[in-house]
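*Asks:* Input: one structure, supplied below.
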Amino acid sequence: MEGLQTVKIATWNINSVRHRLALVTRFLRDEQPDVLCLQETKVEDGLFPAEAFRKLGYTHQAIHGQKAYHGVAVLAKAPFRETGVQDFCRHGHARHMGVTLANGVELHNFYVPAGGDIPDPKANEKFAHKLHFLAGMEKFFAKRKARNDPVILVGDLNVAPLENDVWNHKQLLGIVSHTPVETKLLGEAQAAFDWIDTTRHFIPPAEKIYSWWSYRAADWEASDRGRRLDHVWASAGLKGALKSHKIVKKMRGWQKASDHVPVVVEFAV
């Protein structure tokens with residue numbers, strides 16, 4: 001292990017980066033991740049609050065945004081070797097940003113479509129788009145042969161795949177984000193590159209764990225009706241590099257909170 005350095009990567013659906021700039025500032029000061037991946041930034045590139053992040057030490061920024069909707073960003077303390085985006089489903093949405101970090105790790109930041117409320121692709125175009133997007137992720141990584149390359153996939157994947165990733169498996173089987181068709185497609189995307197689900201690497205599948213709690217709940221903490229929609233996946237070659245993991249649940253209780261909270265994973269690479 002000598003010579004390895006720890007890199008801490010955080011992923012967070014911030015639900016408007018300008019609206020929650022004070023929250024993300026507090027989070028970065030508390031947790032000090034080396035890399036922050038944001039989803040649903042909801043801002044065009046030219047209006048992204050880049051200077052605020054530079055002042056916090058995140059001088060290297062890969063931003064892919066659009067007005068009012070979607071948007072992803074990767075912010076880092078060290079330079080990127082390269083950056084690039086993929087347009088899944090050819091909708092022109094800002095839902096992916098890929099970077100290669102200074103240490104050679106390839107990092108993909110995703111914001112998978114939520115899919116609307118009706119889990120029927122014929123009746124709901126948004127759900128059809130989500131299914132196509134998940135299938136596109138599977139195809140994108142299935143083409144790659146080198147499973148031991150250092151690759152990390154993070155983001156709001158908008159699917160809670162396992163029974164204990166939701167507060168009630170039976171009640172949510174017909175609810176978008178936990179339907180069998182979605183969990184099957186996400187499972188196929190995971191299998192396509194032998195991805196390690198880092199949360200379940202550290203937390204047994206028998207234990208309930210969530211990263212999202214609805215705004216509709218009168219008291220989100222008391223009811224605790226959550227879902228695990230936010231993920232960090234690691235390639236097989238990084239299994240031995242996994243050092244720690246946390247879901248920062250307390251942030252759901254912060255004033256003007258996002259309905260998602262960050263997932264933070266440390267690697268020794």
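Each chain of the structure tokens is named A, B, ... in the order shown, its residues numbered from 1; ligands are numbered from 1 in display order.
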Name the residues of region 39-169 of chain A that come out as strand (DSSP E or B) in a backbone DSSP run; write them as a PyMOL selection string.
*Replies:* chain A and resi 39+60-64+72-76+82-84+96-100+106-111+151-156+166
*Asks:* Taking only residues of region 43-111 of chain A that have an atom at most 10 Å from an atom of region 152-163 of chain A, what is each one's shortest atom pair and its distance in Å to one decimal, using only C-alpha atoms, in chain and number order, as a tab-separated table?
*Replies:*
residue	atom	partner	partner_atom	distance
A:Val72	CA	A:Gly155	CA	9.1
A:Arg95	CA	A:Gly155	CA	9.7
A:His96	CA	A:Gly155	CA	9.2
A:Gly98	CA	A:Leu153	CA	9.1
A:Thr100	CA	A:Ile152	CA	10.0
A:Val105	CA	A:Ile152	CA	7.3
A:Glu106	CA	A:Ile152	CA	6.2
A:Leu107	CA	A:Ile152	CA	4.8
A:His108	CA	A:Leu153	CA	4.7
A:Asn109	CA	A:Val154	CA	5.0
A:Phe110	CA	A:Gly155	CA	4.7
A:Tyr111	CA	A:Asp156	CA	5.1
*Asks:* Which residues come within 12 Å of Ala76 (chain A), counting only C-alpha atoms, excluding same-chain residues fewer than 6 positions away, as JSON, numbers by chain?
*Replies:* {"A": [7, 8, 9, 10, 28, 32, 33, 34, 35, 36, 37, 38, 50, 53, 54, 56, 57, 58, 59, 60, 61, 62, 63, 99, 100, 101, 102, 103, 107]}
*Asks:* I'd like the neighbourhood of Thr179 (chain A) as a list of chain:residue names, where a residue qualifies if any of its atoms comes within 12 Å (using only C-alpha atoms), though same-chain residues fewer than 5 positions away should be ignored.
*Replies:*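 So, after excluding close chain neighbours, the residues are A:Gly115, A:Asp117, A:Ile118, A:Pro119, A:Asp120, A:Phe127, A:Leu131, A:Asn158, A:Val159, A:Ala160, A:Pro161, A:Leu162, A:Glu163, A:Val166, A:His169, A:Lys170, A:Gln171, A:Leu172, A:Leu173, A:Gly174, A:Lys184, A:Leu185, A:Leu186.
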*Asks:* Residues as selected, C-alpha atoms, written as an mmCIF file, in the first residue's frame, can you do that?
*Replies:*
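New file part.cif:
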data_model
loop_
_atom_site.group_PDB
_atom_site.id
_atom_site.type_symbol
_atom_site.label_atom_id
_atom_site.label_comp_id
_atom_site.auth_asym_id
_atom_site.auth_seq_id
_atom_site.Cartn_x
_atom_site.Cartn_y
_atom_site.Cartn_z
ATOM 1 C CA GLY A 115 -39.106 8.913 -15.302
ATOM 2 C CA ASP A 117 -45.032 9.117 -12.182
ATOM 3 C CA ILE A 118 -46.555 6.458 -14.466
ATOM 4 C CA PRO A 119 -44.431 3.280 -14.843
ATOM 5 C CA ASP A 120 -45.653 2.546 -18.378
ATOM 6 C CA PHE A 127 -40.534 6.637 -18.340
ATOM 7 C CA LEU A 131 -35.575 2.933 -19.718
ATOM 8 C CA ASN A 158 -32.882 7.436 -9.902
ATOM 9 C CA VAL A 159 -33.283 3.715 -9.204
ATOM 10 C CA ALA A 160 -33.368 2.019 -5.811
ATOM 11 C CA PRO A 161 -32.348 -1.488 -6.925
ATOM 12 C CA LEU A 162 -32.556 -3.689 -3.815
ATOM 13 C CA GLU A 163 -35.385 -4.536 -1.421
ATOM 14 C CA VAL A 166 -36.591 1.458 -0.133
ATOM 15 C CA HIS A 169 -40.359 -3.119 -1.022
ATOM 16 C CA LYS A 170 -43.872 -4.472 -1.647
ATOM 17 C CA GLN A 171 -45.576 -1.086 -1.590
ATOM 18 C CA LEU A 172 -43.042 0.458 -3.970
ATOM 19 C CA LEU A 173 -42.929 -2.256 -6.618
ATOM 20 C CA GLY A 174 -45.399 -0.227 -8.679
ATOM 21 C CA LYS A 184 -33.540 -5.158 -13.989
ATOM 22 C CA LEU A 185 -32.066 -2.585 -16.373
ATOM 23 C CA LEU A 186 -29.903 -1.051 -13.670
#
*Asks:* For each of A:Lys130, A:His19, A:Lys42, A:Arg228, take the minimum atom-to-atom distance to Lys256 (chain A), counting only C-alpha atoms, then give the residue where this is smallest.
*Replies:* A:His19
*Asks:* By how many Å are CA of Asp230 (chain A) and CA of Asn124 (chain A) apart?
*Replies:*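 Pair CA of Asp230 (chain A) / CA of Asn124 (chain A) returns 23.2 Å.
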*Asks:* Just checking: using only C-alpha atoms, which residue out of A:Leu134, A:Ala268, A:Val43, A:Ala73 ends up closest to Ala189 (chain A)?
*Replies:*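 Checking each of A:Leu134, A:Ala268, A:Val43, A:Ala73 against Ala189 (chain A), counting only C-alpha atoms, the winner is A:Leu134.
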*Asks:* Looking at only C-alpha atoms, which of A:Gly237, A:Gly65, A:Gly187, A:Pro113 is the one that sits closest to Cys89 (chain A)?
*Replies:*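 Selected residue with least distance to Cys89 (chain A): A:Pro113.
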*Asks:* Please identify the alpha helix (DSSP H) residues within region 163-214 of chain A (assignment by DSSP from backbone atoms) and present them as a list in words.
*Replies:*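 DSSP on the backbone gives alpha helix (DSSP H) at His169, Lys170, Gln171, Leu172, Pro180, Val181, Glu182, Thr183, Lys184, Leu185, Leu186, Gly187, Glu188, Ala189, Gln190, Ala191, Thr198, Thr199, Arg200, His201 and Phe202 of chain A.
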